[in-house]
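Okay, structure.pdb is below, PDB, C-alpha atoms, pLDDT in the B column:
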```
MODEL        1
ATOM      1  CA  MET B  26      93.871 118.044  74.365  1.00 45.00           C
ATOM      2  CA  ALA B  27      94.480 120.132  71.277  1.00 48.00           C
ATOM      3  CA  ASP B  28      93.933 118.748  67.803  1.00 56.00           C
ATOM      4  CA  ASN B  29      97.700 118.447  67.279  1.00 78.00           C
ATOM      5  CA  THR B  30      98.068 115.666  69.869  1.00 86.00           C
ATOM      6  CA  GLU B  31      99.495 113.158  67.386  1.00 90.00           C
ATOM      7  CA  GLU B  32     101.908 115.763  66.045  1.00 94.00           C
ATOM      8  CA  THR B  33     103.109 116.396  69.589  1.00 95.00           C
ATOM      9  CA  ALA B  34     103.420 112.662  70.213  1.00 94.00           C
ATOM     10  CA  GLU B  35     105.546 112.235  67.094  1.00 94.00           C
ATOM     11  CA  ASP B  36     107.772 115.092  68.220  1.00 95.00           C
ATOM     12  CA  TYR B  37     108.145 113.471  71.632  1.00 95.00           C
ATOM     13  CA  ARG B  38     109.072 110.131  70.063  1.00 95.00           C
ATOM     14  CA  ARG B  39     111.776 111.779  67.951  1.00 95.00           C
ATOM     15  CA  LYS B  40     113.168 113.243  71.165  1.00 96.00           C
ATOM     16  CA  GLY B  41     113.257 109.896  72.956  1.00 96.00           C
ATOM     17  CA  LEU B  42     110.023 110.056  74.956  1.00 96.00           C
ATOM     18  CA  MET B  43     106.901 107.839  74.806  1.00 95.00           C
ATOM     19  CA  SER B  44     108.738 104.500  74.714  1.00 96.00           C
ATOM     20  CA  ARG B  45     107.104 101.384  76.134  1.00 96.00           C
ATOM     21  CA  SER B  46     108.297  99.948  79.444  1.00 97.00           C
ATOM     22  CA  GLY B  47     106.167  96.810  79.071  1.00 97.00           C
ATOM     23  CA  TYR B  48     105.142  94.099  81.513  1.00 98.00           C
ATOM     24  CA  GLY B  49     106.898  91.851  83.972  1.00 97.00           C
ATOM     25  CA  GLU B  50     106.130  88.419  85.410  1.00 96.00           C
ATOM     26  CA  LYS B  51     104.187  89.249  88.613  1.00 97.00           C
ATOM     27  CA  PRO B  52     101.466  91.909  88.273  1.00 98.00           C
ATOM     28  CA  ALA B  53      99.241  93.420  90.936  1.00 98.00           C
ATOM     29  CA  LEU B  54      96.015  95.340  90.428  1.00 98.00           C
ATOM     30  CA  LEU B  55      96.089  98.758  92.104  1.00 99.00           C
ATOM     31  CA  ILE B  56      92.625 100.329  92.405  1.00 99.00           C
ATOM     32  CA  VAL B  57      93.046 103.983  93.348  1.00 98.00           C
ATOM     33  CA  ASP B  58      90.328 105.842  95.272  1.00 98.00           C
ATOM     34  CA  PHE B  59      87.159 104.253  93.966  1.00 98.00           C
ATOM     35  CA  ASN B  60      85.598 105.132  97.324  1.00 98.00           C
ATOM     36  CA  TYR B  61      82.146 106.692  97.519  1.00 98.00           C
ATOM     37  CA  GLY B  62      83.503 110.200  98.036  1.00 98.00           C
ATOM     38  CA  PHE B  63      84.711 110.062  94.434  1.00 98.00           C
ATOM     39  CA  THR B  64      82.286 107.610  92.796  1.00 98.00           C
ATOM     40  CA  ASP B  65      79.084 109.307  93.985  1.00 98.00           C
ATOM     41  CA  PRO B  66      78.360 112.047  91.390  1.00 97.00           C
ATOM     42  CA  SER B  67      76.349 114.029  93.939  1.00 97.00           C
ATOM     43  CA  THR B  68      79.401 114.807  96.097  1.00 98.00           C
ATOM     44  CA  PRO B  69      81.674 117.818  95.446  1.00 97.00           C
ATOM     45  CA  LEU B  70      84.575 115.450  94.715  1.00 98.00           C
ATOM     46  CA  GLY B  71      82.569 112.929  92.720  1.00 97.00           C
ATOM     47  CA  GLY B  72      81.951 111.944  89.145  1.00 97.00           C
ATOM     48  CA  ASP B  73      80.119 109.233  87.237  1.00 97.00           C
ATOM     49  CA  PHE B  74      82.728 106.497  86.903  1.00 98.00           C
ATOM     50  CA  SER B  75      80.299 103.665  86.165  1.00 98.00           C
ATOM     51  CA  ASN B  76      82.135 102.551  83.013  1.00 98.00           C
ATOM     52  CA  GLU B  77      85.533 102.693  84.703  1.00 98.00           C
ATOM     53  CA  ILE B  78      84.214 100.693  87.651  1.00 98.00           C
ATOM     54  CA  ALA B  79      82.782  98.067  85.284  1.00 98.00           C
ATOM     55  CA  VAL B  80      86.198  97.706  83.627  1.00 98.00           C
ATOM     56  CA  THR B  81      87.807  97.438  87.053  1.00 98.00           C
ATOM     57  CA  ALA B  82      85.303  94.748  88.062  1.00 98.00           C
ATOM     58  CA  ASP B  83      86.294  92.646  85.036  1.00 98.00           C
ATOM     59  CA  LEU B  84      89.985  93.016  85.879  1.00 98.00           C
ATOM     60  CA  LEU B  85      89.257  92.223  89.509  1.00 98.00           C
ATOM     61  CA  ASP B  86      87.636  88.926  88.513  1.00 98.00           C
ATOM     62  CA  LYS B  87      90.674  88.077  86.408  1.00 97.00           C
ATOM     63  CA  PHE B  88      93.198  88.869  89.126  1.00 98.00           C
ATOM     64  CA  ARG B  89      91.243  87.011  91.766  1.00 98.00           C
ATOM     65  CA  SER B  90      90.830  83.889  89.636  1.00 96.00           C
ATOM     66  CA  ALA B  91      94.579  83.891  88.977  1.00 96.00           C
ATOM     67  CA  GLY B  92      95.444  84.423  92.647  1.00 96.00           C
ATOM     68  CA  LEU B  93      97.280  87.669  91.886  1.00 97.00           C
ATOM     69  CA  PRO B  94      97.587  90.524  94.412  1.00 98.00           C
ATOM     70  CA  VAL B  95      94.931  93.227  94.599  1.00 98.00           C
ATOM     71  CA  VAL B  96      95.430  96.529  96.446  1.00 98.00           C
ATOM     72  CA  TYR B  97      92.871  99.276  97.022  1.00 98.00           C
ATOM     73  CA  THR B  98      93.428 102.814  98.249  1.00 98.00           C
ATOM     74  CA  THR B  99      91.021 105.254  99.834  1.00 98.00           C
ATOM     75  CA  ILE B 100      91.468 108.695 101.371  1.00 98.00           C
ATOM     76  CA  GLY B 101      90.241 109.471 104.892  1.00 98.00           C
ATOM     77  CA  TYR B 102      90.930 111.951 107.673  1.00 98.00           C
ATOM     78  CA  GLU B 103      90.489 112.039 111.417  1.00 98.00           C
ATOM     79  CA  PRO B 104      87.881 114.424 112.854  1.00 97.00           C
ATOM     80  CA  GLY B 105      89.359 117.904 112.942  1.00 96.00           C
ATOM     81  CA  PHE B 106      91.485 117.165 109.829  1.00 98.00           C
ATOM     82  CA  ALA B 107      94.832 117.752 111.526  1.00 97.00           C
ATOM     83  CA  ASP B 108      96.187 114.917 109.346  1.00 98.00           C
ATOM     84  CA  ALA B 109      95.055 116.631 106.104  1.00 98.00           C
ATOM     85  CA  GLY B 110      97.876 119.169 106.097  1.00 97.00           C
ATOM     86  CA  VAL B 111      97.994 121.759 103.341  1.00 98.00           C
ATOM     87  CA  PHE B 112      96.024 119.478 101.013  1.00 98.00           C
ATOM     88  CA  ILE B 113      92.711 120.379 102.611  1.00 98.00           C
ATOM     89  CA  LYS B 114      93.543 124.082 102.352  1.00 98.00           C
ATOM     90  CA  LYS B 115      93.990 123.650  98.626  1.00 98.00           C
ATOM     91  CA  VAL B 116      90.959 121.339  98.256  1.00 98.00           C
ATOM     92  CA  PRO B 117      88.459 122.160 101.063  1.00 98.00           C
ATOM     93  CA  SER B 118      85.955 119.607  99.717  1.00 98.00           C
ATOM     94  CA  LEU B 119      88.260 116.876 101.066  1.00 98.00           C
ATOM     95  CA  SER B 120      86.420 117.531 104.333  1.00 98.00           C
ATOM     96  CA  ILE B 121      83.719 115.072 103.219  1.00 98.00           C
ATOM     97  CA  LEU B 122      86.288 112.260 103.604  1.00 98.00           C
ATOM     98  CA  GLU B 123      86.052 111.769 107.357  1.00 98.00           C
ATOM     99  CA  ILE B 124      87.085 108.364 108.672  1.00 98.00           C
ATOM    100  CA  GLY B 125      84.020 106.361 109.667  1.00 97.00           C
ATOM    101  CA  SER B 126      81.782 107.908 107.012  1.00 98.00           C
ATOM    102  CA  LYS B 127      80.472 106.160 103.920  1.00 98.00           C
ATOM    103  CA  MET B 128      82.504 108.541 101.764  1.00 98.00           C
ATOM    104  CA  VAL B 129      85.699 106.682 102.729  1.00 98.00           C
ATOM    105  CA  GLU B 130      84.285 103.212 101.963  1.00 98.00           C
ATOM    106  CA  ILE B 131      85.220 101.443  98.723  1.00 98.00           C
ATOM    107  CA  ASP B 132      82.343 101.440  96.237  1.00 98.00           C
ATOM    108  CA  GLY B 133      80.323  98.266  96.759  1.00 98.00           C
ATOM    109  CA  ARG B 134      80.376  97.420  93.042  1.00 98.00           C
ATOM    110  CA  ILE B 135      84.045  96.474  93.435  1.00 98.00           C
ATOM    111  CA  GLY B 136      84.211  95.928  97.190  1.00 98.00           C
ATOM    112  CA  PRO B 137      87.336  94.282  98.615  1.00 98.00           C
ATOM    113  CA  ARG B 138      87.420  90.787 100.046  1.00 97.00           C
ATOM    114  CA  PRO B 139      88.573  90.346 103.650  1.00 95.00           C
ATOM    115  CA  ASP B 140      92.013  89.169 102.495  1.00 94.00           C
ATOM    116  CA  GLU B 141      92.608  92.106 100.131  1.00 97.00           C
ATOM    117  CA  TYR B 142      94.676  95.059 101.266  1.00 98.00           C
ATOM    118  CA  VAL B 143      93.016  98.474 101.579  1.00 98.00           C
ATOM    119  CA  ALA B 144      95.510 101.309 102.155  1.00 98.00           C
ATOM    120  CA  LEU B 145      94.286 104.468 103.859  1.00 98.00           C
ATOM    121  CA  LYS B 146      96.102 107.481 102.467  1.00 98.00           C
ATOM    122  CA  LYS B 147      96.080 111.211 103.117  1.00 98.00           C
ATOM    123  CA  TYR B 148      97.477 112.592  99.892  1.00 98.00           C
ATOM    124  CA  ALA B 149      97.402 111.958  96.153  1.00 98.00           C
ATOM    125  CA  SER B 150      99.890 109.124  95.667  1.00 98.00           C
ATOM    126  CA  ALA B 151      99.023 105.553  96.648  1.00 98.00           C
ATOM    127  CA  PHE B 152     102.610 105.236  97.900  1.00 98.00           C
ATOM    128  CA  PHE B 153     103.068 108.420  99.950  1.00 98.00           C
ATOM    129  CA  GLY B 154     102.763 107.712 103.667  1.00 97.00           C
ATOM    130  CA  THR B 155     101.419 104.163 103.127  1.00 98.00           C
ATOM    131  CA  ASP B 156     102.738 100.585 103.218  1.00 98.00           C
ATOM    132  CA  VAL B 157     101.733  99.864  99.616  1.00 98.00           C
ATOM    133  CA  ASP B 158     105.311  99.515  98.360  1.00 98.00           C
ATOM    134  CA  ALA B 159     106.285  97.176 101.215  1.00 98.00           C
ATOM    135  CA  TYR B 160     103.130  95.091 100.669  1.00 98.00           C
ATOM    136  CA  LEU B 161     103.840  94.687  96.945  1.00 98.00           C
ATOM    137  CA  LYS B 162     107.581  94.061  97.342  1.00 98.00           C
ATOM    138  CA  ALA B 163     106.879  91.318  99.908  1.00 98.00           C
ATOM    139  CA  ARG B 164     104.809  89.536  97.247  1.00 98.00           C
ATOM    140  CA  GLY B 165     107.393  89.841  94.495  1.00 98.00           C
ATOM    141  CA  VAL B 166     105.322  92.226  92.385  1.00 98.00           C
ATOM    142  CA  ASP B 167     107.149  93.825  89.439  1.00 98.00           C
ATOM    143  CA  THR B 168     104.205  95.233  87.447  1.00 98.00           C
ATOM    144  CA  ILE B 169     101.349  97.476  88.543  1.00 98.00           C
ATOM    145  CA  ILE B 170      98.102  97.497  86.582  1.00 98.00           C
ATOM    146  CA  MET B 171      96.286 100.666  87.640  1.00 99.00           C
ATOM    147  CA  THR B 172      92.668 101.781  87.573  1.00 99.00           C
ATOM    148  CA  GLY B 173      90.815 104.409  89.576  1.00 98.00           C
ATOM    149  CA  CYS B 174      90.344 108.158  89.839  1.00 98.00           C
ATOM    150  CA  THR B 175      91.030 110.876  89.253  1.00 98.00           C
ATOM    151  CA  THR B 176      93.363 110.757  86.287  1.00 98.00           C
ATOM    152  CA  SER B 177      94.755 114.244  86.836  1.00 98.00           C
ATOM    153  CA  GLY B 178      95.213 113.768  90.578  1.00 98.00           C
ATOM    154  CA  CYS B 179      95.718 110.481  92.353  1.00 98.00           C
ATOM    155  CA  ILE B 180      96.250 108.367  89.221  1.00 98.00           C
ATOM    156  CA  ARG B 181      98.986 110.628  87.917  1.00 98.00           C
ATOM    157  CA  ALA B 182     100.666 110.924  91.329  1.00 98.00           C
ATOM    158  CA  SER B 183     100.480 107.153  91.849  1.00 98.00           C
ATOM    159  CA  ALA B 184     101.837 106.437  88.363  1.00 98.00           C
ATOM    160  CA  VAL B 185     104.816 108.721  88.945  1.00 98.00           C
ATOM    161  CA  ASP B 186     105.611 107.092  92.292  1.00 98.00           C
ATOM    162  CA  SER B 187     105.014 103.595  90.933  1.00 98.00           C
ATOM    163  CA  MET B 188     107.702 104.179  88.325  1.00 98.00           C
ATOM    164  CA  GLN B 189     109.999 105.790  90.893  1.00 98.00           C
ATOM    165  CA  TYR B 190     109.641 102.776  93.181  1.00 98.00           C
ATOM    166  CA  GLY B 191     110.779 100.540  90.333  1.00 98.00           C
ATOM    167  CA  TYR B 192     107.527  99.030  89.064  1.00 98.00           C
ATOM    168  CA  LEU B 193     106.579  98.580  85.440  1.00 98.00           C
ATOM    169  CA  THR B 194     103.535 100.836  85.435  1.00 98.00           C
ATOM    170  CA  VAL B 195     100.471 100.195  83.285  1.00 98.00           C
ATOM    171  CA  VAL B 196      97.452 102.519  83.372  1.00 98.00           C
ATOM    172  CA  VAL B 197      94.277 101.022  81.910  1.00 98.00           C
ATOM    173  CA  ARG B 198      92.806 103.687  79.643  1.00 98.00           C
ATOM    174  CA  GLU B 199      89.175 102.623  80.068  1.00 98.00           C
ATOM    175  CA  GLY B 200      89.652 102.017  83.795  1.00 98.00           C
ATOM    176  CA  VAL B 201      90.564 105.547  84.908  1.00 98.00           C
ATOM    177  CA  GLY B 202      88.435 108.666  84.931  1.00 98.00           C
ATOM    178  CA  ASP B 203      88.276 112.327  85.847  1.00 98.00           C
ATOM    179  CA  ARG B 204      85.663 115.011  86.464  1.00 95.00           C
ATOM    180  CA  ALA B 205      86.442 116.663  83.129  1.00 95.00           C
ATOM    181  CA  GLN B 206      87.736 115.354  79.805  1.00 96.00           C
ATOM    182  CA  GLY B 207      90.492 117.936  79.309  1.00 96.00           C
ATOM    183  CA  PRO B 208      92.518 117.119  82.445  1.00 97.00           C
ATOM    184  CA  HIS B 209      91.902 113.408  81.842  1.00 98.00           C
ATOM    185  CA  ASP B 210      93.302 113.460  78.302  1.00 97.00           C
ATOM    186  CA  ALA B 211      96.225 115.735  79.137  1.00 96.00           C
ATOM    187  CA  ASN B 212      97.377 113.612  82.052  1.00 98.00           C
ATOM    188  CA  LEU B 213      97.057 110.302  80.207  1.00 98.00           C
ATOM    189  CA  PHE B 214      99.228 111.822  77.491  1.00 97.00           C
ATOM    190  CA  ASP B 215     101.828 112.907  80.031  1.00 97.00           C
ATOM    191  CA  ILE B 216     101.839 109.542  81.842  1.00 98.00           C
ATOM    192  CA  GLU B 217     102.352 107.778  78.504  1.00 97.00           C
ATOM    193  CA  ALA B 218     105.160 110.178  77.632  1.00 97.00           C
ATOM    194  CA  LYS B 219     107.230 109.753  80.770  1.00 97.00           C
ATOM    195  CA  TYR B 220     105.991 107.465  83.531  1.00 98.00           C
ATOM    196  CA  GLY B 221     104.096 104.391  82.348  1.00 98.00           C
ATOM    197  CA  ASP B 222     102.237 102.675  79.546  1.00 98.00           C
ATOM    198  CA  VAL B 223      98.638 103.761  78.921  1.00 98.00           C
ATOM    199  CA  VAL B 224      96.936 100.789  77.291  1.00 98.00           C
ATOM    200  CA  SER B 225      93.531  99.306  76.535  1.00 98.00           C
ATOM    201  CA  VAL B 226      91.840  96.813  78.834  1.00 98.00           C
ATOM    202  CA  ARG B 227      91.924  94.362  75.920  1.00 98.00           C
ATOM    203  CA  GLU B 228      95.732  94.493  75.906  1.00 98.00           C
ATOM    204  CA  VAL B 229      95.889  93.949  79.655  1.00 98.00           C
ATOM    205  CA  MET B 230      93.537  90.970  79.419  1.00 97.00           C
ATOM    206  CA  ALA B 231      95.702  89.472  76.669  1.00 97.00           C
ATOM    207  CA  TYR B 232      98.781  89.914  78.868  1.00 97.00           C
ATOM    208  CA  LEU B 233      97.059  88.216  81.810  1.00 97.00           C
ATOM    209  CA  ASN B 234      95.927  85.349  79.568  1.00 96.00           C
ATOM    210  CA  SER B 235      99.457  84.864  78.230  1.00 95.00           C
ATOM    211  CA  LEU B 236     100.820  84.886  81.773  1.00 93.00           C
ATOM    212  CA  ALA B 237      98.295  82.240  82.824  1.00 88.00           C
ATOM    213  CA  ALA B 238      99.179  80.081  79.805  1.00 88.00           C
ATOM    214  CA  LYS B 239     102.880  80.418  80.585  1.00 84.00           C
ATOM    215  CA  ASN B 240     102.322  79.418  84.196  1.00 75.00           C
ATOM    216  CA  GLU B 241     100.213  76.431  83.130  1.00 67.00           C
ATOM    217  CA  THR B 242     102.962  75.296  80.763  1.00 57.00           C
ATOM    218  CA  GLY B 243     105.556  75.664  83.513  1.00 50.00           C
ATOM    219  CA  ALA B 244     103.427  73.676  85.934  1.00 50.00           C
ATOM    220  CA  ARG B 245     102.874  70.924  83.358  1.00 50.00           C
ATOM    221  CA  VAL B 246     106.595  70.650  82.572  1.00 47.00           C
ATOM    222  CA  SER B 247     107.378  70.491  86.284  1.00 52.00           C
ATOM    223  CA  GLU B 248     104.793  67.763  86.796  1.00 55.00           C
ATOM    224  CA  GLU B 249     106.116  65.758  83.832  1.00 48.00           C
ATOM    225  CA  PHE B 250     109.662  66.019  85.172  1.00 49.00           C
ATOM    226  CA  SER B 251     108.505  64.886  88.626  1.00 56.00           C
ATOM    227  CA  ASP B 252     106.763  61.864  87.065  1.00 56.00           C
ATOM    228  CA  TRP B 253     109.889  61.013  85.062  1.00 50.00           C
ATOM    229  CA  TRP B 254     112.089  61.369  88.142  1.00 55.00           C
ATOM    230  CA  ARG B 255     109.800  59.159  90.208  1.00 66.00           C
ATOM    231  CA  GLN B 256     109.704  56.451  87.531  1.00 68.00           C
ATOM    232  CA  ASN B 257     113.474  56.416  87.204  1.00 68.00           C
ATOM    233  CA  ASN B 258     113.932  56.234  90.946  1.00 68.00           C
ATOM    234  CA  ASP B 259     111.424  53.398  91.126  1.00 61.00           C
ATOM    235  CA  GLN B 260     113.320  51.492  88.399  1.00 60.00           C
ATOM    236  CA  ASP B 261     116.635  52.044  90.182  1.00 59.00           C
ATOM    237  CA  SER B 262     115.123  50.819  93.429  1.00 58.00           C
ATOM    238  CA  ASP B 263     113.796  47.671  91.734  1.00 58.00           C
ATOM    239  CA  GLN B 264     117.184  46.950  90.135  1.00 60.00           C
ATOM    240  CA  ASN B 265     118.992  47.471  93.430  1.00 61.00           C
ATOM    241  CA  ALA B 266     116.532  45.163  95.171  1.00 57.00           C
ATOM    242  CA  LYS B 267     117.063  42.438  92.574  1.00 59.00           C
ATOM    243  CA  ALA B 268     120.854  42.802  92.737  1.00 59.00           C
ATOM    244  CA  SER B 269     120.913  42.531  96.510  1.00 61.00           C
ATOM    245  CA  GLY B 270     118.524  39.533  96.364  1.00 57.00           C
TER
ENDMDL
END
```
Could you express the structure from this file as C-alpha cells?
Amino acid sequence: MADNTEETAEDYRRKGLMSRSGYGEKPALLIVDFNYGFTDPSTPLGGDFSNEIAVTADLLDKFRSAGLPVVYTTIGYEPGFADAGVFIKKVPSLSILEIGSKMVEIDGRIGPRPDEYVALKKYASAFFGTDVDAYLKARGVDTIIMTGCTTSGCIRASAVDSMQYGYLTVVVREGVGDRAQGPHDANLFDIEAKYGDVVSVREVMAYLNSLAAKNETGARVSEEFSDWWRQNNDQDSDQNAKASG
C-alpha cells in the first residue's frame, strides 16, 4: 500500500465506508485453503505461512474447547481437470491440486478432527459450489472468524460471499497471508472498507472469552432458577401432603 493509506482511510470514513459490523452470538472458525498446495513454500502456489498457521492453531484450540463450529476448505480437481473450468486457464499452477495428492490435504499442523467439516471447492470462494452456507446455517452461526490464504484470492472472495450470505465477517489480520505483501495489504484494506472487520487475534480472543463468560453466567442463572423451582415445588408438595393428611 502507498504511504497515504491512513489519509485514504479517513477519506473513506467521511464517505461512509469502513464502519464496523461487529460480532454476533454464535461464531464459527472458517479456515480457508491451508492445504499443502498453498502452505508448502516449494510449490508454485505456496508461501511460508508458518506464523498464520500458528495463529490459526491457537484459535482452533479455543473454538474446540468451547464446542464451537470449525470449517476447513481445500481446493482439489479430478484427473483431467474438467472440473477446473476457466480458473485453471488463468492459473495453470492449479494443476498441482489433484484429488488424492498430498497437495489437497490440510496442513498437519492444524489438521481437522474426524467430526470437523472439510469442504472441497473448485474456485476462490469458500461458499461457491459448496455446502458451507447450509452447514453453518444449520448450526445457527451468525459470525464467521476467518483465517487462511491467500488474502488477495480465496480470503477476499470468501469474505465478500460471507457478507453476502448474511454473516458478520471477521478476518483475523495475523491469521491470513499472501505470497507478496502488496496484494495482502491492499486486499485487507478493501475488505475492511466494504465487506468485513479486519481485526487482531487479541481482539478475537477477547470476544471469545466474553462469549464464554456470558454463556457461563447464563448457565448459572438457569441452574439457580431450576434449584429455586424445585425447592418451591417440593415445599408445595409437602404442604399438600400435610393438608390431605
Could you build a table of the residues in range 34-115 of chain B lying no more than 10 Å from range 222-237 of chain B, giving for each the nearest pair of atoms and their separation in Å rounded to one decimal place, using all atoms listed in the file, ordered by chain and ascending residue number, as CSV?
```
residue,atom,partner,partner_atom,distance
B:Met43,CA,B:Asp222,CA,8.4
B:Ser44,CA,B:Asp222,CA,8.3
B:Arg45,CA,B:Asp222,CA,6.1
B:Ser46,CA,B:Asp222,CA,6.6
B:Gly47,CA,B:Asp222,CA,7.1
B:Tyr48,CA,B:Tyr232,CA,8.1
B:Gly49,CA,B:Leu236,CA,9.5
B:Glu50,CA,B:Leu236,CA,7.3
B:Lys51,CA,B:Leu236,CA,8.8
B:Pro52,CA,B:Leu233,CA,8.7
B:Val80,CA,B:Val226,CA,7.5
B:Thr81,CA,B:Val226,CA,9.2
B:Asp83,CA,B:Val226,CA,9.3
B:Leu84,CA,B:Met230,CA,7.7
B:Lys87,CA,B:Leu233,CA,7.9
B:Phe88,CA,B:Leu233,CA,8.3
B:Ala91,CA,B:Ala237,CA,7.4
```
Q: Would you translate the PyMOL selection byres ((chain B and resi 214) around 10) into the concrete set of residues it matches in this file, as a VMD selection string?
A: chain B and resid 26 30 33 to 34 43 208 to 213 215 to 219 222 to 223
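Comparing the minimum interatomic distances between Val196 in chain B and each of B:Ala53, B:Thr99, B:Lys40, B:Gly136, counting only C-alpha atoms, we find that B:Ala53 sits nearest.
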Q) What does the PyMOL selection byres ((chain B and resi 158) around 12) select in this file, as a ChimeraX atom specification? A) /B:53,55,96,142,144,150-157,159-169,183,186-192
Going by the chain IDs and residue numbers used in this file, which residues fall under the PyMOL selection byres ((chain B and resi 131) around 7)? Write them as a PDB file with C-alpha atoms, keeping the file's coordinate frame.
```pdb
ATOM      1  CA  PHE B  59      87.159 104.253  93.966  1.00 98.00           C
ATOM      2  CA  ASN B  60      85.598 105.132  97.324  1.00 98.00           C
ATOM      3  CA  TYR B  61      82.146 106.692  97.519  1.00 98.00           C
ATOM      4  CA  VAL B 129      85.699 106.682 102.729  1.00 98.00           C
ATOM      5  CA  GLU B 130      84.285 103.212 101.963  1.00 98.00           C
ATOM      6  CA  ASP B 132      82.343 101.440  96.237  1.00 98.00           C
ATOM      7  CA  GLY B 133      80.323  98.266  96.759  1.00 98.00           C
ATOM      8  CA  GLY B 136      84.211  95.928  97.190  1.00 98.00           C
TER       9      GLY B 136
END
```
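In terms of minimum interatomic distance to Ile135 in chain B, B:Val95 ranks closest within B:Leu42, B:Val95, B:Val185, B:Leu70, counting all atoms listed in the file.
With CA of Arg134 in chain B on one side and CA of Thr175 in chain B on the other, the separation reads 17.6 Å.
Here CA of Glu123 in chain B is placed at a distance of 18.7 Å from CA of Gly72 in chain B.
The spacing separating CA of Ser75 in chain B from CA of Lys115 in chain B amounts to 27.2 Å.
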Q.
Considering only C-alpha atoms, can you say which of B:Leu145, B:Gly221, B:Ile170, B:Leu119 comes closest to Phe63 in chain B?
A. B:Leu119
